[in-house]
Structures are given as C-alpha cells and as structure tokens.
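See below for the structure under consideration.
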Amino acid sequence: MTTEPVAPPLPRFPRDFLWGVSTSAAQIEGAVDEDGRGRSAWDAFTAEAGRIKDGSDARIATDHYHRYREDVALLKELGVGAYRFSVAWPRVVPDGGGTVNAAGLDFYDRLVDELLAAGVAPVPTLFHWDTPQALEERGGWLVRETAEHFAAYADAVAARLGDRVARWITLNEPAELTLLGYGLGQHAPGRTLLFDALPAAHHQLLGHGLAVQALRARGATGIGIANSHGPTWKASESAADTEAADFYDLLLNRLFADPVLLGRYPDEGLAAMLPGPVADDLKIISQPLDWYGINYYQPTLVGAPQPDAGGPADFAGIALPPELPFAPREIEGYPRTDFGWPVVPHALTELLLSFRERYGASLPPIMITENGCSYEGIEDTDRIAFLDGHLRALHDAMAAGVDVRGYFVWSLMDNFEWAEGYARRFGLVHIDYATLARTPKASYRWLRDALRAQARG
C-alpha cells in the first residue's frame, strides 16, 4: 500500500472555478486508418526515418479512439469538471477542404455524449497541430487557403456538436507550430525556413479569427484560444542581452498575443514580413473572445548569441541555428523535470501579472489550458510537488487580482510526445504501451483528493 505525500491543503479556489485535464487527438487517438480519416502532417512526418527519437509513430498511440469510454470513466473518478480534447481535422475533413466525413464526426458525437453523461464538460480544441496532409502538400499554413479551409472545418464541427458544447478552443500553440514545424524542422511538417516561417504565424492567427466568426455564426459562446506563454528573463543587464531577450519575448509571446488581444502586431518590421492585407486581417484576428487560454511550462533565460560558447544554443533541447539574434541559456538553481525543464512555479505568477499589466482591459478572463511535467514512475511524487507548487502560484496571481477562471493539467494520460515519441510521460494516468493498460498514478489520486476537498468547501 502506498500513500501520497502529506502537504498542507491547497488554498481555496472559487466555487465556480473550472478544473480540467487536457489531451490532443494526434497524441492519443490512434486509429489513423479507420472510418475515413485522412492522413495528417504528423503521419507523414513520423514516416520519415530519423524524425522521431525512438523511431515510433502514433498509429495506435493510447488507442483512445476505441477506449474512450474507459478514459471518460477515469475523468469521472478524477472529479474534473471539464475535459479539453482536440478534434482531428483530417478525421472530419480528410482532404482538409471539401467533403465532410460523417463517420469522423460520429466519434466526437459519441465522445461528447459520454462526457456529458459522466458530468464532464467537453472543451474541444479545433486544431492541435494535425494539419491534413493534403493541405500541407499545397503549402500548409504558409498559404492563406489553409486558414479559409480551417474556418469551413470549424463550421462543420460546430454544426454537429454545437448544441452540447459550451466552450471552444480554436488553435493550440501556433507559436510552437511556427517555430518548431516551419522554422526549425523539429516537428511536422519539418520545414527549416527560419524567419520565412512567419507567414505560418499570420495564417494560423487568421484561421483563428475566421473560426471565431464561424463559431459565432453557429451561435457558439465560450470561445478562446490556447497560446503558449512564459516569462522571458534576460541573462544580464547588458544592452546586448536586453535586446536579445526583448526580441525573443516579442517572437514567442507578443507575436501571438498582441494581434488577438490588441488587434496589432508588436513590431512594424515583423508585420511587414507577413503576407496579404495585414491591416484587414487583424480586424478578423482580433475578434472578441470570451476567455484567453495560456499554456505555461517554464520561463526562458535569454541572452545575446555567444559564438565562442562551445556549441549551439538550444530551445527546449533543440539546437538553434547560430544566425538567430538570441540564445536561450540554462536556468540554474531550480529542480528539473525528466525532460530537463526547470520547475519554476513563481514564474506563472509573474507571467499572469505581466499579462494583466500589458493588456489591461483588453484581456478577457484567463484559463490555464495546459500546465504539467514529464516524470517517470507511477508513484510520481515529483509531479505532485509540481502541481501543488503551480496551483499555489496560480492562486497567488488570483489573489493579486488576475481574473483566472480555470486550470487544465497536461495531461490526462501518457501519450505520444511528438518528436520524443513515447520517451516522455506527462500523464496523470500511466499507459503500458505493450498492453495499453491504464493505471492511475499517485498524482491522479492526489488531484482527485484535492478536488474533493475543494468541492467540500
């Protein structure tokens, strides 16, 4: 018999605070060749030798497509109020545009009904990186057509699920897809365009705005986006390090938040590199939102490039080309996850306070749409400490006046972790990839008990 670490109870969150967990279709569903699903950019990417560190793919993943009832039962036992999942675009519109695959929508119909029967609110994300390969072959997010097809797909999903879905997310982390997928080639579609990847940023944001319009036309409310953000710390007070950190922050944070929240790009030079009628597009991109989603994992320490440092700088373990005008540095003095990411809960407080200061009345209520960590083991006490620390940091920000309405743990279960394959485990539920057996971890039991304590008041 095992027992979880005894820690002081979490501070009291508002009674209507939304507790949830998150997943994405490409990482858990599997069934990539079933019921008319089309091929995705990640299917093509994983088929290329050397792209995935352990040589794996997501053809089966955790087989959520067939075992979703078992997974919903885990959600019910956990006691969360909401489940953030993603709809696989190529499952619904196999070629990205044109004919809608009714059998693909049938799966999400069943999932939504199962969730509602369990008392768990469905929160679908319309795009979590799995671009239909047919569109990718025509330019993907580098071309405007993809944004227009995305809006039509959003309309099709809302037409089927809108009567039962109260909250929607358009995009997940367009910054990462732009940087890692189109800029550095470490994620699908594997392009290495550096700053020529910027059209992918603009077209994703345009797709977001067009999707908001499509959802509103179907009567949808509760619409948000899930952007990744973290504080940027400058390596020193030198002018060079300050300039490098400011540019990094602009590129990874403000480039994706300012257009949505303020209706403008944060830098005229970057805006000039973007395609199409940018001023008109910004009116679409900045459609009013009901809430703003933030995915937070870690801060980043940034300085000027160091040509004589003995090796390339890296971003989340990925080597960066030397021609970039910034260089992430190691953050020392904090524990690290098994992924090597520093665990800095107070940086979440810092981030939220900075958002309130920067965006003021333009900032809608916030949802933390992802927060989590990679650790091995079923008795994952390090994950408990991570969640405990970040929830206390979140409460500190709320006590300081930041309007946060919900918190979603990444992730419900271990899954296919993109270019890492199955080597990283972010789940509250352990997956045995040989048998697909689900085993709740210590962190699952800790969160279940914490939520029960919150409910008791």
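Just so we're on the same page: first chain in the structure tokens is A, next is B, and so on; residues restart at 1 for each chain, and ligands are numbered from 1 in the order they show up.
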
Counting only C-alpha atoms, what is within 7 Å of A:Thr131, bar same-chain residues fewer than 3 positions away, as a ChimeraX atom specification? /A:40-41,89,136

What would the file look like if the residues just selected were written as a PDB file, in the first residue's frame with N, CA, C and O atoms?
```
ATOM      1  N   SER A  40      -2.526  12.934 -41.870  1.00  0.00           N
ATOM      2  CA  SER A  40      -2.136  14.216 -41.291  1.00  0.00           C
ATOM      3  C   SER A  40      -0.655  14.491 -41.562  1.00  0.00           C
ATOM      4  O   SER A  40       0.112  13.594 -41.938  1.00  0.00           O
ATOM      5  N   ALA A  41      -0.260  15.745 -41.317  1.00  0.00           N
ATOM      6  CA  ALA A  41       1.151  16.105 -41.455  1.00  0.00           C
ATOM      7  C   ALA A  41       2.015  15.296 -40.502  1.00  0.00           C
ATOM      8  O   ALA A  41       3.172  14.977 -40.819  1.00  0.00           O
ATOM      9  N   TRP A  89      -8.657  17.281 -37.371  1.00  0.00           N
ATOM     10  CA  TRP A  89      -9.136  17.859 -38.636  1.00  0.00           C
ATOM     11  C   TRP A  89      -9.184  16.808 -39.745  1.00  0.00           C
ATOM     12  O   TRP A  89     -10.212  16.682 -40.446  1.00  0.00           O
ATOM     13  N   GLU A 136      -1.154  20.306 -46.457  1.00  0.00           N
ATOM     14  CA  GLU A 136       0.278  20.553 -46.258  1.00  0.00           C
ATOM     15  C   GLU A 136       1.026  20.481 -47.585  1.00  0.00           C
ATOM     16  O   GLU A 136       1.955  21.259 -47.838  1.00  0.00           O
TER      17      GLU A 136
END
```

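Within 6 Å of stretch 281-297 of chain A there are Leu205, Leu206, Gly209, Gly222, Ile223, Gly224, Ile225, Ala226, Asn227, Ser228, His229, Gly230, Val260, Gly263, Pro364, Pro365, Ile366, Met367, Ile368, Thr369, Glu370 and Asn371 of chain A, counting only C-alpha atoms and ignoring same-chain residues fewer than 6 positions away.
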
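When only C-alpha atoms are used to compute distances to A:Leu142, the closest of the residues A:Phe107, A:Ile169, A:His202, A:Asp113 turns out to be A:His202.
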
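Look at A:Ala154: the protein and nucleic acid residues within 7 Å of it, using only C-alpha atoms and passing over chain neighbours fewer than 4 places away, are Leu126, Phe150, Ala158, Ala211, Ala214 and Leu215 of chain A.
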
Backbone-only DSSP, alpha helix (DSSP H) members of stretch 49-247 of chain A, as a PyMOL selection string: chain A and resi 64-78+89-92+102-117+133-136+144-161+174-176+198-217+239-247

Which polymer residues have any atom within 9 Å of an atom of A:Phe17, counting only C-alpha atoms, with same-chain residues fewer than 5 positions away left out, as a PyMOL selection string? chain A and resi 404-407

Report the distance between atom CA of A:Tyr68 and atom CA of A:Leu115 in Å, rounded to one decimal place. 9.6 Å

State, in Å with one decimal place, the distance from atom CA of A:Ser443 to atom CA of A:Ile384.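 Computed distance, atom CA of A:Ser443 to atom CA of A:Ile384, equals 5.2 Å.
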
Determine which residues of stretch 258-449 of chain A receive a DSSP assignment of strand (DSSP E), computed from the backbone, and state them as number ranges by chain. A: 292-295, 300-303, 314-315, 318-319, 327-329, 366-370, 404-410, 429-431, 438-440

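Each of A:Ala118, A:Leu324, A:Glu330, A:Glu268 was checked against A:Glu77 using only C-alpha atoms; the smallest atom-to-atom distance is that of A:Ala118.
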
Need to verify the contact set: A:Leu194, 9 Å, only C-alpha atoms, exclusion of same-chain residues closer than 6 positions in sequence. Can you return it as a ChimeraX atom specification? /A:179,182-184,321,324

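Residues in contact with A:Asp33 at 12 Å, where only C-alpha atoms are counted and same-chain residues fewer than 4 positions away are skipped, are listed as Glu29, Arg37, Gly38, Arg39, Ser40, Asp43, Ala58, Arg59, Ile60, Tyr65, Pro90, Arg91, Pro94 and Gly104 of chain A.
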
Pull all heavy atoms from the residues just selected and write them as an mmCIF file, in the first residue's frame.
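Listed below is the output, result_14.cif:
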```cif
data_model
loop_
_atom_site.group_PDB
_atom_site.id
_atom_site.type_symbol
_atom_site.label_atom_id
_atom_site.label_comp_id
_atom_site.auth_asym_id
_atom_site.auth_seq_id
_atom_site.Cartn_x
_atom_site.Cartn_y
_atom_site.Cartn_z
ATOM 1 N N GLU A 29 -5.323 9.310 -29.949
ATOM 2 C CA GLU A 29 -6.424 8.593 -30.592
ATOM 3 C C GLU A 29 -6.010 7.300 -31.267
ATOM 4 O O GLU A 29 -6.695 6.271 -31.154
ATOM 5 C CB GLU A 29 -7.108 9.490 -31.634
ATOM 6 C CG GLU A 29 -8.077 10.471 -31.037
ATOM 7 C CD GLU A 29 -8.820 11.259 -32.103
ATOM 8 O OE1 GLU A 29 -8.644 10.988 -33.318
ATOM 9 O OE2 GLU A 29 -9.582 12.161 -31.730
ATOM 10 N N ARG A 37 -10.687 8.466 -41.947
ATOM 11 C CA ARG A 37 -9.755 9.530 -41.565
ATOM 12 C C ARG A 37 -8.686 9.719 -42.630
ATOM 13 O O ARG A 37 -8.128 8.763 -43.166
ATOM 14 C CB ARG A 37 -9.082 9.180 -40.234
ATOM 15 C CG ARG A 37 -8.041 10.220 -39.742
ATOM 16 C CD ARG A 37 -7.308 9.658 -38.529
ATOM 17 N NE ARG A 37 -6.267 10.532 -37.986
ATOM 18 C CZ ARG A 37 -5.024 10.644 -38.439
ATOM 19 N NH1 ARG A 37 -4.652 9.936 -39.495
ATOM 20 N NH2 ARG A 37 -4.147 11.441 -37.848
ATOM 21 N N GLY A 38 -8.389 10.968 -42.942
ATOM 22 C CA GLY A 38 -7.326 11.271 -43.880
ATOM 23 C C GLY A 38 -5.972 11.289 -43.203
ATOM 24 O O GLY A 38 -5.849 11.186 -41.980
ATOM 25 N N ARG A 39 -4.946 11.448 -44.006
ATOM 26 C CA ARG A 39 -3.582 11.473 -43.497
ATOM 27 C C ARG A 39 -3.263 12.866 -42.968
ATOM 28 O O ARG A 39 -3.669 13.877 -43.542
ATOM 29 C CB ARG A 39 -2.619 11.098 -44.621
ATOM 30 C CG ARG A 39 -1.260 10.592 -44.178
ATOM 31 C CD ARG A 39 -0.570 9.859 -45.312
ATOM 32 N NE ARG A 39 0.691 9.270 -44.864
ATOM 33 C CZ ARG A 39 1.881 9.614 -45.334
ATOM 34 N NH1 ARG A 39 1.978 10.578 -46.248
ATOM 35 N NH2 ARG A 39 2.975 9.025 -44.906
ATOM 36 N N SER A 40 -2.526 12.934 -41.870
ATOM 37 C CA SER A 40 -2.136 14.216 -41.291
ATOM 38 C C SER A 40 -0.655 14.491 -41.562
ATOM 39 O O SER A 40 0.112 13.594 -41.938
ATOM 40 C CB SER A 40 -2.377 14.229 -39.779
ATOM 41 O OG SER A 40 -1.353 13.510 -39.097
ATOM 42 N N ASP A 43 1.368 12.171 -39.535
ATOM 43 C CA ASP A 43 1.508 10.834 -40.110
ATOM 44 C C ASP A 43 2.664 10.808 -41.102
ATOM 45 O O ASP A 43 3.479 9.885 -41.112
ATOM 46 C CB ASP A 43 0.213 10.418 -40.820
ATOM 47 C CG ASP A 43 -0.956 10.280 -39.880
ATOM 48 O OD1 ASP A 43 -0.747 9.922 -38.712
ATOM 49 O OD2 ASP A 43 -2.097 10.539 -40.315
ATOM 50 N N ALA A 58 2.375 7.283 -34.169
ATOM 51 C CA ALA A 58 1.135 7.409 -33.391
ATOM 52 C C ALA A 58 -0.017 6.645 -34.030
ATOM 53 O O ALA A 58 -1.186 7.003 -33.823
ATOM 54 C CB ALA A 58 0.774 8.881 -33.224
ATOM 55 N N ARG A 59 0.299 5.583 -34.765
ATOM 56 C CA ARG A 59 -0.776 4.834 -35.419
ATOM 57 C C ARG A 59 -1.727 4.201 -34.404
ATOM 58 O O ARG A 59 -2.921 4.059 -34.667
ATOM 59 C CB ARG A 59 -0.184 3.763 -36.335
ATOM 60 C CG ARG A 59 0.411 4.332 -37.617
ATOM 61 C CD ARG A 59 1.002 3.257 -38.487
ATOM 62 N NE ARG A 59 2.164 2.635 -37.865
ATOM 63 C CZ ARG A 59 2.858 1.637 -38.400
ATOM 64 N NH1 ARG A 59 2.487 1.136 -39.569
ATOM 65 N NH2 ARG A 59 3.919 1.160 -37.782
ATOM 66 N N ILE A 60 -1.188 3.816 -33.248
ATOM 67 C CA ILE A 60 -2.028 3.270 -32.169
ATOM 68 C C ILE A 60 -2.110 4.252 -31.013
ATOM 69 O O ILE A 60 -3.179 4.470 -30.443
ATOM 70 C CB ILE A 60 -1.481 1.912 -31.680
ATOM 71 C CG1 ILE A 60 -1.510 0.890 -32.813
ATOM 72 C CG2 ILE A 60 -2.279 1.417 -30.478
ATOM 73 C CD1 ILE A 60 -0.859 -0.432 -32.468
ATOM 74 N N TYR A 65 -9.345 6.186 -29.407
ATOM 75 C CA TYR A 65 -10.473 6.087 -30.341
ATOM 76 C C TYR A 65 -11.382 4.923 -29.988
ATOM 77 O O TYR A 65 -12.603 5.028 -30.090
ATOM 78 C CB TYR A 65 -9.940 5.935 -31.770
ATOM 79 C CG TYR A 65 -11.003 6.062 -32.842
ATOM 80 C CD1 TYR A 65 -11.473 7.316 -33.211
ATOM 81 C CD2 TYR A 65 -11.514 4.944 -33.493
ATOM 82 C CE1 TYR A 65 -12.434 7.453 -34.208
ATOM 83 C CE2 TYR A 65 -12.469 5.063 -34.488
ATOM 84 C CZ TYR A 65 -12.931 6.316 -34.840
ATOM 85 O OH TYR A 65 -13.893 6.447 -35.829
ATOM 86 N N PRO A 90 -8.133 15.979 -39.951
ATOM 87 C CA PRO A 90 -8.218 15.008 -41.042
ATOM 88 C C PRO A 90 -9.211 13.882 -40.799
ATOM 89 O O PRO A 90 -9.560 13.160 -41.734
ATOM 90 C CB PRO A 90 -6.787 14.462 -41.143
ATOM 91 C CG PRO A 90 -6.176 14.744 -39.825
ATOM 92 C CD PRO A 90 -6.800 15.997 -39.325
ATOM 93 N N ARG A 91 -9.688 13.719 -39.571
ATOM 94 C CA ARG A 91 -10.744 12.738 -39.328
ATOM 95 C C ARG A 91 -12.094 13.285 -39.780
ATOM 96 O O ARG A 91 -12.983 12.529 -40.186
ATOM 97 C CB ARG A 91 -10.784 12.359 -37.840
ATOM 98 C CG ARG A 91 -11.559 11.073 -37.569
ATOM 99 C CD ARG A 91 -11.541 10.667 -36.103
ATOM 100 N NE ARG A 91 -10.248 10.253 -35.598
ATOM 101 C CZ ARG A 91 -9.661 9.085 -35.879
ATOM 102 N NH1 ARG A 91 -10.251 8.219 -36.679
ATOM 103 N NH2 ARG A 91 -8.484 8.795 -35.358
ATOM 104 N N PRO A 94 -11.146 14.817 -44.471
ATOM 105 C CA PRO A 94 -9.931 14.059 -44.784
ATOM 106 C C PRO A 94 -8.941 14.786 -45.684
ATOM 107 O O PRO A 94 -7.720 14.623 -45.522
ATOM 108 C CB PRO A 94 -10.476 12.792 -45.456
ATOM 109 C CG PRO A 94 -11.843 12.624 -44.855
ATOM 110 C CD PRO A 94 -12.365 14.007 -44.668
ATOM 111 N N GLY A 104 -16.275 10.433 -39.130
ATOM 112 C CA GLY A 104 -15.332 11.084 -38.228
ATOM 113 C C GLY A 104 -16.043 11.909 -37.179
ATOM 114 O O GLY A 104 -15.692 11.871 -35.991
#
```

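Once A:Lys441 and its same-chain neighbours fewer than 5 positions away are set aside, Thr2, Thr3, Glu4, Leu74, Leu78, Tyr375, Glu376, Gly377, Ile378, Glu379, Asp380, Thr381, Asp382, Arg383, Ile384, Leu412, Met413, Asp414, Arg425, Phe426, Gly427, Leu428, Val429, His430, Ile431, Trp446, Leu447 and Arg448 of chain A remain within 12 Å of it when counting only C-alpha atoms.
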
Atoms kept (C-alpha atoms) for selection, written as a short mmCIF file (atom, residue, chain, number, x, y, z; two decimals), in the first residue's frame:
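Writing done, so here's result_35.cif:
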```cif
data_model
loop_
_atom_site.label_atom_id
_atom_site.label_comp_id
_atom_site.auth_asym_id
_atom_site.auth_seq_id
_atom_site.Cartn_x
_atom_site.Cartn_y
_atom_site.Cartn_z
CA THR A 2 1.30 3.42 -0.95
CA THR A 3 0.41 6.80 0.44
CA GLU A 4 0.76 10.21 -1.14
CA LEU A 74 -11.15 7.90 -15.41
CA LEU A 78 -10.85 12.10 -11.03
CA TYR A 375 8.33 12.37 -14.87
CA GLU A 376 8.79 8.62 -14.91
CA GLY A 377 7.11 6.25 -12.50
CA ILE A 378 3.64 5.54 -11.17
CA GLU A 379 4.48 6.80 -7.68
CA ASP A 380 5.24 10.22 -9.16
CA THR A 381 5.75 12.41 -6.11
CA ASP A 382 7.70 14.93 -8.18
CA ARG A 383 4.60 15.57 -10.29
CA ILE A 384 2.57 16.10 -7.13
CA LEU A 412 -4.76 13.02 -18.58
CA MET A 413 -2.54 10.16 -19.72
CA ASP A 414 0.92 9.34 -21.01
CA ARG A 425 5.47 10.77 -19.67
CA PHE A 426 3.25 13.75 -18.86
CA GLY A 427 0.20 11.78 -17.75
CA LEU A 428 -1.74 11.52 -14.52
CA VAL A 429 -2.54 8.03 -15.80
CA HIS A 430 0.25 5.60 -16.72
CA ILE A 431 -0.03 3.82 -20.07
CA TRP A 446 -3.58 13.43 -5.20
CA LEU A 447 -5.52 15.61 -7.63
CA ARG A 448 -8.70 13.60 -7.10
#
```
